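Visitor: Pasting run34.cif below, which is mmCIF, N, CA and C atoms.
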data_protein
loop_
_atom_site.label_atom_id
_atom_site.label_comp_id
_atom_site.auth_asym_id
_atom_site.auth_seq_id
_atom_site.Cartn_x
_atom_site.Cartn_y
_atom_site.Cartn_z
N MET U 1044 255.75 241.08 235.06
CA MET U 1044 255.38 242.02 234.02
C MET U 1044 256.01 241.56 232.73
N ALA U 1045 255.22 241.63 231.65
CA ALA U 1045 255.68 241.13 230.36
C ALA U 1045 254.84 241.74 229.25
N THR U 1046 255.20 241.39 228.02
CA THR U 1046 254.40 241.79 226.87
C THR U 1046 253.08 241.03 226.90
N PRO U 1047 252.05 241.53 226.21
CA PRO U 1047 250.78 240.81 226.19
C PRO U 1047 250.93 239.38 225.64
N GLY U 1048 251.76 239.20 224.64
CA GLY U 1048 251.96 237.86 224.08
C GLY U 1048 252.55 236.89 225.09
N THR U 1049 253.50 237.36 225.86
CA THR U 1049 254.10 236.50 226.88
C THR U 1049 253.08 236.17 227.96
N VAL U 1050 252.29 237.16 228.35
CA VAL U 1050 251.25 236.91 229.35
C VAL U 1050 250.25 235.88 228.81
N ARG U 1051 249.79 236.08 227.57
CA ARG U 1051 248.82 235.15 226.98
C ARG U 1051 249.38 233.74 226.83
N SER U 1052 250.69 233.63 226.61
CA SER U 1052 251.28 232.29 226.44
C SER U 1052 251.17 231.45 227.71
N GLY U 1053 251.08 232.10 228.86
CA GLY U 1053 250.98 231.37 230.12
C GLY U 1053 252.28 230.76 230.60
N LEU U 1054 253.37 231.05 229.91
CA LEU U 1054 254.66 230.45 230.24
C LEU U 1054 255.03 230.66 231.72
N TYR U 1055 254.96 231.88 232.17
CA TYR U 1055 255.36 232.17 233.55
C TYR U 1055 254.30 231.75 234.56
N THR U 1056 253.03 231.93 234.23
CA THR U 1056 251.99 231.54 235.17
C THR U 1056 252.01 230.03 235.41
N ARG U 1057 252.24 229.25 234.35
CA ARG U 1057 252.33 227.79 234.53
C ARG U 1057 253.56 227.42 235.37
N ALA U 1058 254.70 228.03 235.07
CA ALA U 1058 255.92 227.71 235.80
C ALA U 1058 255.78 228.08 237.28
N LEU U 1059 255.20 229.22 237.56
CA LEU U 1059 254.99 229.61 238.96
C LEU U 1059 254.00 228.67 239.64
N GLY U 1060 252.93 228.35 238.93
CA GLY U 1060 251.91 227.45 239.48
C GLY U 1060 252.47 226.08 239.82
N ARG U 1061 253.38 225.56 238.98
CA ARG U 1061 253.99 224.25 239.26
C ARG U 1061 254.80 224.29 240.55
N ARG U 1062 255.20 225.46 240.95
CA ARG U 1062 255.99 225.59 242.17
C ARG U 1062 255.15 226.09 243.35
N GLY U 1063 253.84 226.05 243.16
CA GLY U 1063 252.93 226.43 244.24
C GLY U 1063 252.82 227.93 244.46
N LEU U 1064 253.24 228.71 243.49
CA LEU U 1064 253.17 230.17 243.61
C LEU U 1064 252.00 230.69 242.80
N GLU U 1065 251.28 231.64 243.35
CA GLU U 1065 250.13 232.20 242.66
C GLU U 1065 250.53 233.53 242.00
N PRO U 1066 250.55 233.56 240.68
CA PRO U 1066 250.93 234.80 240.00
C PRO U 1066 249.87 235.88 240.13
N VAL U 1067 250.33 237.11 240.20
CA VAL U 1067 249.44 238.27 240.17
C VAL U 1067 249.64 238.90 238.80
N VAL U 1068 248.63 238.83 237.97
CA VAL U 1068 248.74 239.33 236.59
C VAL U 1068 248.02 240.67 236.50
N PRO U 1069 248.69 241.70 235.97
CA PRO U 1069 248.04 243.00 235.85
C PRO U 1069 246.78 242.94 234.98
N ASP U 1070 245.80 243.79 235.33
CA ASP U 1070 244.58 243.84 234.52
C ASP U 1070 244.88 244.48 233.16
N GLU U 1071 243.87 244.50 232.30
CA GLU U 1071 244.06 244.95 230.92
C GLU U 1071 244.58 246.39 230.85
N GLY U 1072 244.05 247.27 231.66
CA GLY U 1072 244.49 248.66 231.65
C GLY U 1072 245.94 248.81 232.07
N ARG U 1073 246.33 248.10 233.09
CA ARG U 1073 247.72 248.16 233.55
C ARG U 1073 248.64 247.45 232.57
N GLN U 1074 248.13 246.42 231.90
CA GLN U 1074 248.93 245.75 230.87
C GLN U 1074 249.25 246.73 229.74
N ARG U 1075 248.29 247.61 229.42
CA ARG U 1075 248.56 248.63 228.39
C ARG U 1075 249.67 249.56 228.83
N LEU U 1076 249.74 249.87 230.12
CA LEU U 1076 250.82 250.72 230.63
C LEU U 1076 252.17 250.01 230.51
N ILE U 1077 252.19 248.73 230.81
CA ILE U 1077 253.43 247.96 230.67
C ILE U 1077 253.88 247.98 229.21
N THR U 1078 252.95 247.74 228.31
CA THR U 1078 253.27 247.75 226.88
C THR U 1078 253.77 249.11 226.44
N ALA U 1079 253.14 250.18 226.93
CA ALA U 1079 253.58 251.53 226.59
C ALA U 1079 255.00 251.79 227.10
N ALA U 1080 255.30 251.33 228.31
CA ALA U 1080 256.64 251.53 228.86
C ALA U 1080 257.68 250.75 228.06
N ILE U 1081 257.36 249.52 227.68
CA ILE U 1081 258.28 248.70 226.88
C ILE U 1081 258.52 249.37 225.54
N ARG U 1082 257.45 249.82 224.89
CA ARG U 1082 257.60 250.48 223.59
C ARG U 1082 258.41 251.76 223.70
N ALA U 1083 258.17 252.53 224.75
CA ALA U 1083 258.92 253.77 224.94
C ALA U 1083 260.41 253.47 225.13
N GLY U 1084 260.71 252.44 225.90
CA GLY U 1084 262.10 252.05 226.11
C GLY U 1084 262.75 251.63 224.80
N LYS U 1085 262.05 250.87 224.00
CA LYS U 1085 262.60 250.42 222.71
C LYS U 1085 262.77 251.58 221.74
N ALA U 1086 261.91 252.59 221.86
CA ALA U 1086 261.95 253.73 220.94
C ALA U 1086 263.01 254.75 221.34
N GLY U 1087 263.69 254.51 222.46
CA GLY U 1087 264.75 255.42 222.87
C GLY U 1087 264.29 256.58 223.73
N ALA U 1088 263.10 256.50 224.29
CA ALA U 1088 262.61 257.54 225.18
C ALA U 1088 263.48 257.60 226.43
N ASP U 1089 263.37 258.69 227.15
CA ASP U 1089 264.09 258.82 228.42
C ASP U 1089 263.67 257.65 229.31
N PRO U 1090 264.62 256.81 229.72
CA PRO U 1090 264.25 255.62 230.49
C PRO U 1090 263.60 255.93 231.83
N ARG U 1091 263.92 257.07 232.41
CA ARG U 1091 263.28 257.45 233.68
C ARG U 1091 261.80 257.73 233.46
N GLU U 1092 261.49 258.38 232.34
CA GLU U 1092 260.08 258.67 232.03
C GLU U 1092 259.33 257.37 231.70
N ALA U 1093 259.97 256.50 230.93
CA ALA U 1093 259.34 255.22 230.60
C ALA U 1093 259.11 254.40 231.87
N ALA U 1094 260.07 254.42 232.78
CA ALA U 1094 259.93 253.68 234.03
C ALA U 1094 258.80 254.25 234.89
N ALA U 1095 258.63 255.56 234.85
CA ALA U 1095 257.57 256.21 235.65
C ALA U 1095 256.18 255.75 235.23
N VAL U 1096 256.03 255.36 233.97
CA VAL U 1096 254.74 254.86 233.48
C VAL U 1096 254.32 253.61 234.26
N LEU U 1097 255.29 252.89 234.80
CA LEU U 1097 255.00 251.63 235.50
C LEU U 1097 254.57 251.82 236.95
N THR U 1098 254.66 253.04 237.47
CA THR U 1098 254.33 253.27 238.89
C THR U 1098 252.94 252.76 239.26
N PRO U 1099 251.87 253.09 238.52
CA PRO U 1099 250.55 252.56 238.92
C PRO U 1099 250.46 251.04 238.81
N VAL U 1100 251.21 250.46 237.90
CA VAL U 1100 251.22 249.01 237.77
C VAL U 1100 251.83 248.40 239.03
N LEU U 1101 252.97 248.93 239.43
CA LEU U 1101 253.65 248.40 240.62
C LEU U 1101 252.80 248.61 241.87
N GLU U 1102 252.16 249.76 241.97
CA GLU U 1102 251.28 250.02 243.12
C GLU U 1102 250.14 249.00 243.17
N SER U 1103 249.60 248.66 242.00
CA SER U 1103 248.50 247.69 241.97
C SER U 1103 248.99 246.29 242.33
N LEU U 1104 250.22 245.96 241.94
CA LEU U 1104 250.78 244.65 242.29
C LEU U 1104 250.97 244.53 243.80
N VAL U 1105 251.47 245.60 244.41
CA VAL U 1105 251.64 245.61 245.86
C VAL U 1105 250.28 245.46 246.54
N ALA U 1106 249.28 246.23 246.06
CA ALA U 1106 247.94 246.17 246.65
C ALA U 1106 247.31 244.79 246.50
N ALA U 1107 247.66 244.08 245.42
CA ALA U 1107 247.11 242.74 245.18
C ALA U 1107 247.86 241.66 245.95
N GLY U 1108 248.91 242.04 246.67
CA GLY U 1108 249.63 241.08 247.50
C GLY U 1108 250.85 240.44 246.86
N ALA U 1109 251.32 240.99 245.75
CA ALA U 1109 252.52 240.43 245.12
C ALA U 1109 253.72 240.57 246.06
N ASP U 1110 254.58 239.57 246.05
CA ASP U 1110 255.79 239.58 246.88
C ASP U 1110 257.03 239.93 246.09
N VAL U 1111 256.95 239.78 244.77
CA VAL U 1111 258.11 239.98 243.90
C VAL U 1111 257.60 240.32 242.51
N VAL U 1112 258.41 241.02 241.73
CA VAL U 1112 258.09 241.32 240.33
C VAL U 1112 259.02 240.49 239.45
N VAL U 1113 258.44 239.78 238.51
CA VAL U 1113 259.24 239.07 237.50
C VAL U 1113 259.24 239.94 236.25
N THR U 1114 260.42 240.38 235.85
CA THR U 1114 260.54 241.17 234.62
C THR U 1114 260.75 240.19 233.48
N ALA U 1115 259.65 239.87 232.80
CA ALA U 1115 259.67 238.85 231.76
C ALA U 1115 259.76 239.46 230.37
N CYS U 1116 260.55 240.50 230.25
CA CYS U 1116 260.80 241.19 228.98
C CYS U 1116 262.15 241.87 229.13
N THR U 1117 262.96 241.83 228.10
CA THR U 1117 264.32 242.37 228.20
C THR U 1117 264.36 243.87 228.45
N GLU U 1118 263.34 244.61 228.09
CA GLU U 1118 263.33 246.06 228.33
C GLU U 1118 263.07 246.40 229.79
N LEU U 1119 262.32 245.58 230.48
CA LEU U 1119 261.89 245.92 231.84
C LEU U 1119 263.04 246.03 232.85
N PRO U 1120 264.04 245.15 232.83
CA PRO U 1120 265.16 245.35 233.76
C PRO U 1120 265.90 246.67 233.51
N LEU U 1121 265.96 247.08 232.25
CA LEU U 1121 266.60 248.36 231.94
C LEU U 1121 265.80 249.51 232.55
N LEU U 1122 264.49 249.42 232.46
CA LEU U 1122 263.65 250.46 233.07
C LEU U 1122 263.78 250.43 234.59
N HIS U 1123 263.84 249.24 235.15
CA HIS U 1123 264.04 249.12 236.60
C HIS U 1123 265.32 249.82 237.02
N HIS U 1124 266.36 249.62 236.25
CA HIS U 1124 267.66 250.24 236.55
C HIS U 1124 267.56 251.76 236.62
N HIS U 1125 266.73 252.33 235.78
CA HIS U 1125 266.60 253.79 235.71
C HIS U 1125 265.44 254.34 236.55
N SER U 1126 264.78 253.47 237.28
CA SER U 1126 263.56 253.88 237.99
C SER U 1126 263.82 254.54 239.33
N GLY U 1127 264.97 254.31 239.91
CA GLY U 1127 265.20 254.79 241.27
C GLY U 1127 264.71 253.79 242.31
N GLY U 1128 264.27 252.63 241.84
CA GLY U 1128 263.84 251.56 242.75
C GLY U 1128 262.36 251.29 242.63
N TRP U 1129 261.99 250.03 242.81
CA TRP U 1129 260.60 249.61 242.79
C TRP U 1129 260.22 249.12 244.17
N PRO U 1130 258.94 249.13 244.50
CA PRO U 1130 258.51 248.76 245.85
C PRO U 1130 258.55 247.26 246.14
N LEU U 1131 258.94 246.46 245.14
CA LEU U 1131 259.02 245.01 245.32
C LEU U 1131 260.38 244.52 244.83
N PRO U 1132 260.87 243.40 245.38
CA PRO U 1132 262.07 242.79 244.82
C PRO U 1132 261.81 242.37 243.37
N VAL U 1133 262.88 242.33 242.58
CA VAL U 1133 262.75 242.04 241.15
C VAL U 1133 263.55 240.79 240.78
N VAL U 1134 262.92 239.89 240.03
CA VAL U 1134 263.60 238.76 239.42
C VAL U 1134 263.70 239.07 237.94
N ASP U 1135 264.92 239.22 237.46
CA ASP U 1135 265.19 239.54 236.06
C ASP U 1135 265.27 238.22 235.29
N SER U 1136 264.23 237.92 234.51
CA SER U 1136 264.19 236.63 233.82
C SER U 1136 265.31 236.48 232.80
N THR U 1137 265.78 237.59 232.25
CA THR U 1137 266.90 237.52 231.30
C THR U 1137 268.18 237.09 232.02
N GLU U 1138 268.39 237.63 233.21
CA GLU U 1138 269.57 237.25 234.00
C GLU U 1138 269.49 235.78 234.41
N VAL U 1139 268.29 235.34 234.80
CA VAL U 1139 268.11 233.94 235.19
C VAL U 1139 268.37 233.02 233.99
N LEU U 1140 267.87 233.41 232.81
CA LEU U 1140 268.11 232.62 231.60
C LEU U 1140 269.60 232.54 231.28
N ALA U 1141 270.28 233.67 231.35
CA ALA U 1141 271.72 233.68 231.04
C ALA U 1141 272.49 232.83 232.04
N THR U 1142 272.19 232.98 233.32
CA THR U 1142 272.88 232.22 234.36
C THR U 1142 272.66 230.73 234.18
N THR U 1143 271.42 230.33 233.94
CA THR U 1143 271.11 228.91 233.75
C THR U 1143 271.78 228.36 232.50
N THR U 1144 271.80 229.14 231.43
CA THR U 1144 272.44 228.71 230.19
C THR U 1144 273.92 228.45 230.42
N VAL U 1145 274.58 229.33 231.12
CA VAL U 1145 276.01 229.16 231.40
C VAL U 1145 276.23 227.93 232.27
N GLU U 1146 275.38 227.74 233.28
CA GLU U 1146 275.51 226.57 234.15
C GLU U 1146 275.37 225.27 233.35
N LEU U 1147 274.39 225.23 232.44
CA LEU U 1147 274.20 224.03 231.62
C LEU U 1147 275.39 223.82 230.69
N ALA U 1148 275.90 224.90 230.12
CA ALA U 1148 277.05 224.78 229.21
C ALA U 1148 278.27 224.28 229.98
N GLN U 1149 278.47 224.76 231.20
CA GLN U 1149 279.61 224.33 232.00
C GLN U 1149 279.48 222.88 232.45
N ALA U 1150 278.24 222.41 232.59
CA ALA U 1150 278.02 221.03 233.04
C ALA U 1150 278.37 220.03 231.95
N GLY U 1151 278.46 220.49 230.71
CA GLY U 1151 278.79 219.60 229.61
C GLY U 1151 277.56 218.92 229.06
N PRO U 1152 277.75 218.15 228.00
CA PRO U 1152 276.61 217.49 227.36
C PRO U 1152 276.02 216.41 228.26
N PRO U 1153 274.69 216.23 228.17
CA PRO U 1153 274.06 215.17 228.96
C PRO U 1153 274.43 213.81 228.39
N ASP U 1154 274.21 212.76 229.18
CA ASP U 1154 274.41 211.41 228.67
C ASP U 1154 273.46 211.18 227.51
N ARG U 1155 273.83 210.25 226.63
CA ARG U 1155 272.97 209.96 225.48
C ARG U 1155 271.56 209.62 225.92
N GLY U 1156 270.62 210.18 225.18
CA GLY U 1156 269.22 209.87 225.43
C GLY U 1156 268.61 210.63 226.59
N GLU U 1157 269.42 211.39 227.31
CA GLU U 1157 268.88 212.14 228.43
C GLU U 1157 268.66 213.59 228.02
N THR U 1158 267.65 214.17 228.61
CA THR U 1158 267.39 215.58 228.41
C THR U 1158 268.03 216.33 229.56
N PRO U 1159 268.72 217.43 229.28
CA PRO U 1159 269.31 218.17 230.38
C PRO U 1159 268.22 218.64 231.34
N CYS U 1160 268.43 218.42 232.59
CA CYS U 1160 267.48 218.84 233.62
C CYS U 1160 268.21 219.77 234.57
N PRO U 1161 268.08 221.07 234.35
CA PRO U 1161 268.85 221.99 235.19
C PRO U 1161 268.41 221.93 236.64
N ARG U 1162 269.37 221.96 237.48
CA ARG U 1162 269.12 222.05 238.92
C ARG U 1162 269.79 223.32 239.39
N THR U 1163 269.17 224.41 239.01
CA THR U 1163 269.76 225.70 239.31
C THR U 1163 268.97 226.39 240.40
N THR U 1164 269.58 227.35 241.00
CA THR U 1164 268.90 228.19 241.96
C THR U 1164 268.66 229.52 241.29
N VAL U 1165 267.54 230.10 241.59
CA VAL U 1165 267.21 231.42 241.05
C VAL U 1165 267.94 232.46 241.88
N PRO U 1166 268.63 233.40 241.23
CA PRO U 1166 269.32 234.43 242.01
C PRO U 1166 268.33 235.19 242.87
N ALA U 1167 268.79 235.66 243.99
CA ALA U 1167 267.95 236.45 244.89
C ALA U 1167 267.44 237.69 244.15
N PRO U 1168 266.17 238.05 244.38
CA PRO U 1168 265.64 239.23 243.71
C PRO U 1168 266.43 240.48 244.07
N ASN U 1169 266.53 241.38 243.11
CA ASN U 1169 267.20 242.67 243.32
C ASN U 1169 266.19 243.69 243.79
N ARG U 1170 266.61 244.61 244.57
CA ARG U 1170 265.72 245.70 244.99
C ARG U 1170 265.97 246.91 244.16
#
With the file now loaded, output its structure as structure tokens.
Guide:
Amino acid sequence: MATPGTVRSGLYTRALGRRGLEPVVPDEGRQRLITAAIRAGKAGADPREAAAVLTPVLESLVAAGADVVVTACTELPLLHHHSGGWPLPVVDSTEVLATTTVELAQAGPPDRGETPCPRTTVPAPNR
């Protein structure tokens, strides 16, 4: 789940596809619900109410065969925290980014002319 711009960019669908995973992308109507929940969270709405907006989205992901939810927006993990739980495991992309960044920083600078190639493991999804 992400903002429409992130979905349109294909960033996550390409990355998942390179690893042999088939992404389940919400339809346009459910994408509007995701956007509404993100906006409500940013506007300071009750996070439990904003999280409840995502219930039909999550139900549709389960029905479509999704095994995990990738929260590809910084507001979504906050809503997950206040939701009382989602029916799928969650991968928090912000947490993965932070963890990978720290691992790369701890590894030190790459040799000259080399591009850092992280060999990180993705943290286990949270329930």
Visitor: Which residues of range 1068-1125 of chain U come within 6 Å of range 1133-1149 of chain U, and for each one, what is the closest pair of atoms and their distance in Å to one decimal, counting only N, CA and C atoms, sorted by chain and residue number, as JSON lines?
Guide:
{"residue": "U:Val1111", "atom": "CA", "partner": "U:Val1133", "partner_atom": "N", "distance": 5.5}
{"residue": "U:Val1112", "atom": "C", "partner": "U:Val1134", "partner_atom": "N", "distance": 4.0}
{"residue": "U:Val1113", "atom": "CA", "partner": "U:Val1134", "partner_atom": "C", "distance": 4.5}
{"residue": "U:Thr1114", "atom": "N", "partner": "U:Val1134", "partner_atom": "C", "distance": 4.1}
{"residue": "U:Ala1115", "atom": "N", "partner": "U:Ser1136", "partner_atom": "N", "distance": 5.3}
Visitor: Between U:Gly1087, U:Pro1069, U:Pro1120, U:Gly1063, which has the minimum distance to Leu1101 in chain U (counting only C-alpha atoms)?
Guide: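 Looking only at the distances to Leu1101 in chain U, the closest residue turns out to be U:Pro1069.
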Visitor: Can you work out which one of U:Ala1058, U:Thr1046, U:Pro1066, U:His1123 has the shortest atom-to-atom distance to Gly1108 in chain U, counting only C-alpha atoms?
Guide: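 Closest candidate: U:Pro1066.
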Visitor: Distance CA of Pro1132 in chain U-CA of Val1068 in chain U, one decimal place?
Guide: 16.0 Å
Visitor: Please provide the set of residues having any atom within 8 Å of Glu1065 in chain U, restricted to only C-alpha atoms, with same-chain residues fewer than 5 positions apart removed, written as a PyMOL selection string.
Guide: chain U and resi 1056+1059-1060
Visitor: Excluding Gly1084 in chain U and any residue of its chain fewer than 5 positions from it, enumerate the residues within 7 Å of it, using only N, CA and C atoms, and give them as a list of chain:residue names.
Guide: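 Returned residues: U:Ala1079, U:Asp1089, U:Pro1090, U:Ala1093, U:Glu1118.
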Visitor: Applied to the shown file, which residues does the PyMOL selection byres ((chain U and resi 1100) around 8) return, written as a CSV table (one decimal) with N, CA and C atoms, in the coordinates of the input?
Guide:
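File written: part.csv
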chain,number,residue,atom,x,y,z
U,1069,PRO,N,248.7,241.7,236.0
U,1069,PRO,CA,248.0,243.0,235.8
U,1069,PRO,C,246.8,242.9,235.0
U,1070,ASP,N,245.8,243.8,235.3
U,1070,ASP,CA,244.6,243.8,234.5
U,1070,ASP,C,244.9,244.5,233.2
U,1072,GLY,N,244.0,247.3,231.7
U,1072,GLY,CA,244.5,248.7,231.6
U,1072,GLY,C,245.9,248.8,232.1
U,1073,ARG,N,246.3,248.1,233.1
U,1073,ARG,CA,247.7,248.2,233.6
U,1073,ARG,C,248.6,247.4,232.6
U,1074,GLN,N,248.1,246.4,231.9
U,1074,GLN,CA,248.9,245.8,230.9
U,1074,GLN,C,249.2,246.7,229.7
U,1076,LEU,N,249.7,249.9,230.1
U,1076,LEU,CA,250.8,250.7,230.6
U,1076,LEU,C,252.2,250.0,230.5
U,1077,ILE,N,252.2,248.7,230.8
U,1077,ILE,CA,253.4,248.0,230.7
U,1077,ILE,C,253.9,248.0,229.2
U,1095,ALA,N,258.6,255.6,234.8
U,1095,ALA,CA,257.6,256.2,235.6
U,1095,ALA,C,256.2,255.8,235.2
U,1096,VAL,N,256.0,255.4,234.0
U,1096,VAL,CA,254.7,254.9,233.5
U,1096,VAL,C,254.3,253.6,234.3
U,1097,LEU,N,255.3,252.9,234.8
U,1097,LEU,CA,255.0,251.6,235.5
U,1097,LEU,C,254.6,251.8,237.0
U,1098,THR,N,254.7,253.0,237.5
U,1098,THR,CA,254.3,253.3,238.9
U,1098,THR,C,252.9,252.8,239.3
U,1099,PRO,N,251.9,253.1,238.5
U,1099,PRO,CA,250.6,252.6,238.9
U,1099,PRO,C,250.5,251.0,238.8
U,1101,LEU,N,253.0,248.9,239.4
U,1101,LEU,CA,253.6,248.4,240.6
U,1101,LEU,C,252.8,248.6,241.9
U,1102,GLU,N,252.2,249.8,242.0
U,1102,GLU,CA,251.3,250.0,243.1
U,1102,GLU,C,250.1,249.0,243.2
U,1103,SER,N,249.6,248.7,242.0
U,1103,SER,CA,248.5,247.7,242.0
U,1103,SER,C,249.0,246.3,242.3
U,1104,LEU,N,250.2,246.0,241.9
U,1104,LEU,CA,250.8,244.6,242.3
U,1104,LEU,C,251.0,244.5,243.8
U,1105,VAL,N,251.5,245.6,244.4
U,1105,VAL,CA,251.6,245.6,245.9
U,1105,VAL,C,250.3,245.5,246.5
U,1106,ALA,N,249.3,246.2,246.1
U,1106,ALA,CA,247.9,246.2,246.6
U,1106,ALA,C,247.3,244.8,246.5
Visitor: Restricting the calculation to only C-alpha atoms, which member of U:Pro1152, U:Leu1131, U:Ala1083, U:Glu1071 is positioned closest to Asp1110 in chain U?
Guide: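 With only C-alpha atoms as the atom set, the closest residue is U:Leu1131.
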Visitor: Could you tell me how far atom C of Ala1088 in chain U lies from atom N of Gly1128 in chain U, in Å and to one decimal?
Guide: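 According to the coordinates, atom C of Ala1088 in chain U and atom N of Gly1128 in chain U are separated by 16.2 Å.
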Visitor: Could you pull out the residues in range 1070-1125 of chain U that DSSP calls alpha helix (DSSP H) from the backbone, as a compact mmCIF listing (two decimals) with N, CA and C atoms, in the frame of the given file?
Guide:
# COMPACT_ATOMS: atom_id res chain seq x y z
N GLU U 1071 243.87 244.50 232.30
CA GLU U 1071 244.06 244.95 230.92
C GLU U 1071 244.58 246.39 230.85
N GLY U 1072 244.05 247.27 231.66
CA GLY U 1072 244.49 248.66 231.65
C GLY U 1072 245.94 248.81 232.07
N ARG U 1073 246.33 248.10 233.09
CA ARG U 1073 247.72 248.16 233.55
C ARG U 1073 248.64 247.45 232.57
N GLN U 1074 248.13 246.42 231.90
CA GLN U 1074 248.93 245.75 230.87
C GLN U 1074 249.25 246.73 229.74
N ARG U 1075 248.29 247.61 229.42
CA ARG U 1075 248.56 248.63 228.39
C ARG U 1075 249.67 249.56 228.83
N LEU U 1076 249.74 249.87 230.12
CA LEU U 1076 250.82 250.72 230.63
C LEU U 1076 252.17 250.01 230.51
N ILE U 1077 252.19 248.73 230.81
CA ILE U 1077 253.43 247.96 230.67
C ILE U 1077 253.88 247.98 229.21
N THR U 1078 252.95 247.74 228.31
CA THR U 1078 253.27 247.75 226.88
C THR U 1078 253.77 249.11 226.44
N ALA U 1079 253.14 250.18 226.93
CA ALA U 1079 253.58 251.53 226.59
C ALA U 1079 255.00 251.79 227.10
N ALA U 1080 255.30 251.33 228.31
CA ALA U 1080 256.64 251.53 228.86
C ALA U 1080 257.68 250.75 228.06
N ILE U 1081 257.36 249.52 227.68
CA ILE U 1081 258.28 248.70 226.88
C ILE U 1081 258.52 249.37 225.54
N ARG U 1082 257.45 249.82 224.89
CA ARG U 1082 257.60 250.48 223.59
C ARG U 1082 258.41 251.76 223.70
N ALA U 1083 258.17 252.53 224.75
CA ALA U 1083 258.92 253.77 224.94
C ALA U 1083 260.41 253.47 225.13
N GLY U 1084 260.71 252.44 225.90
CA GLY U 1084 262.10 252.05 226.11
C GLY U 1084 262.75 251.63 224.80
N LYS U 1085 262.05 250.87 224.00
CA LYS U 1085 262.60 250.42 222.71
C LYS U 1085 262.77 251.58 221.74
N PRO U 1090 264.62 256.81 229.72
CA PRO U 1090 264.25 255.62 230.49
C PRO U 1090 263.60 255.93 231.83
N ARG U 1091 263.92 257.07 232.41
CA ARG U 1091 263.28 257.45 233.68
C ARG U 1091 261.80 257.73 233.46
N GLU U 1092 261.49 258.38 232.34
CA GLU U 1092 260.08 258.67 232.03
C GLU U 1092 259.33 257.37 231.70
N ALA U 1093 259.97 256.50 230.93
CA ALA U 1093 259.34 255.22 230.60
C ALA U 1093 259.11 254.40 231.87
N ALA U 1094 260.07 254.42 232.78
CA ALA U 1094 259.93 253.68 234.03
C ALA U 1094 258.80 254.25 234.89
N ALA U 1095 258.63 255.56 234.85
CA ALA U 1095 257.57 256.21 235.65
C ALA U 1095 256.18 255.75 235.23
N THR U 1098 254.66 253.04 237.47
CA THR U 1098 254.33 253.27 238.89
C THR U 1098 252.94 252.76 239.26
N PRO U 1099 251.87 253.09 238.52
CA PRO U 1099 250.55 252.56 238.92
C PRO U 1099 250.46 251.04 238.81
N VAL U 1100 251.21 250.46 237.90
CA VAL U 1100 251.22 249.01 237.77
C VAL U 1100 251.83 248.40 239.03
N LEU U 1101 252.97 248.93 239.43
CA LEU U 1101 253.65 248.40 240.62
C LEU U 1101 252.80 248.61 241.87
N GLU U 1102 252.16 249.76 241.97
CA GLU U 1102 251.28 250.02 243.12
C GLU U 1102 250.14 249.00 243.17
N SER U 1103 249.60 248.66 242.00
CA SER U 1103 248.50 247.69 241.97
C SER U 1103 248.99 246.29 242.33
N LEU U 1104 250.22 245.96 241.94
CA LEU U 1104 250.78 244.65 242.29
C LEU U 1104 250.97 244.53 243.80
N VAL U 1105 251.47 245.60 244.41
CA VAL U 1105 251.64 245.61 245.86
C VAL U 1105 250.28 245.46 246.54
N ALA U 1106 249.28 246.23 246.06
CA ALA U 1106 247.94 246.17 246.65
C ALA U 1106 247.31 244.79 246.50
N GLU U 1118 263.34 244.61 228.09
CA GLU U 1118 263.33 246.06 228.33
C GLU U 1118 263.07 246.40 229.79
N LEU U 1119 262.32 245.58 230.48
CA LEU U 1119 261.89 245.92 231.84
C LEU U 1119 263.04 246.03 232.85
N PRO U 1120 264.04 245.15 232.83
CA PRO U 1120 265.16 245.35 233.76
C PRO U 1120 265.90 246.67 233.51
N LEU U 1121 265.96 247.08 232.25
CA LEU U 1121 266.60 248.36 231.94
C LEU U 1121 265.80 249.51 232.55
N LEU U 1122 264.49 249.42 232.46
CA LEU U 1122 263.65 250.46 233.07
C LEU U 1122 263.78 250.43 234.59
N HIS U 1123 263.84 249.24 235.15
CA HIS U 1123 264.04 249.12 236.60
C HIS U 1123 265.32 249.82 237.02
N HIS U 1124 266.36 249.62 236.25
CA HIS U 1124 267.66 250.24 236.55
C HIS U 1124 267.56 251.76 236.62
Visitor: Please enclose the listed atoms of range 1076-1085 of chain U in an axis-aligned box, pad each side by 4 Å, and write out the centre and the three edge lengths in Å, rounded to one decimal, as AutoDock Vina command-line options.
Guide:
--center_x 256.3 --center_y 250.8 --center_z 226.3 --size_x 21.0 --size_y 14.0 --size_z 17.1
Visitor: Going by DSSP on the backbone, which residues of range 1048-1170 of chain U come out as strand (DSSP E or B)? List them as an NGL selection string.
Guide: :U and (1112-1114 or 1133-1135 or 1169)
Visitor: Next, dump the selected residues to file, keeping only N, CA and C atoms, as a CSV table (one decimal), keeping the file's coordinate frame.
Guide:
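What ended up in part26.csv:
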chain,number,residue,atom,x,y,z
U,1112,VAL,N,258.4,241.0,241.7
U,1112,VAL,CA,258.1,241.3,240.3
U,1112,VAL,C,259.0,240.5,239.4
U,1113,VAL,N,258.4,239.8,238.5
U,1113,VAL,CA,259.2,239.1,237.5
U,1113,VAL,C,259.2,239.9,236.2
U,1114,THR,N,260.4,240.4,235.8
U,1114,THR,CA,260.5,241.2,234.6
U,1114,THR,C,260.8,240.2,233.5
U,1133,VAL,N,262.9,242.3,242.6
U,1133,VAL,CA,262.8,242.0,241.2
U,1133,VAL,C,263.6,240.8,240.8
U,1134,VAL,N,262.9,239.9,240.0
U,1134,VAL,CA,263.6,238.8,239.4
U,1134,VAL,C,263.7,239.1,237.9
U,1135,ASP,N,264.9,239.2,237.5
U,1135,ASP,CA,265.2,239.5,236.1
U,1135,ASP,C,265.3,238.2,235.3
U,1169,ASN,N,266.5,241.4,243.1
U,1169,ASN,CA,267.2,242.7,243.3
U,1169,ASN,C,266.2,243.7,243.8
Visitor: Compare U:Thr1117, U:Val1067, U:Ser1126, U:Val1050 by their minimum atom-to-atom distance to Ile1081 in chain U, counting all atoms listed in the file, and give me the closest one.
Guide: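 Checking each of U:Thr1117, U:Val1067, U:Ser1126, U:Val1050 against Ile1081 in chain U, counting all atoms listed in the file, the winner is U:Thr1117.
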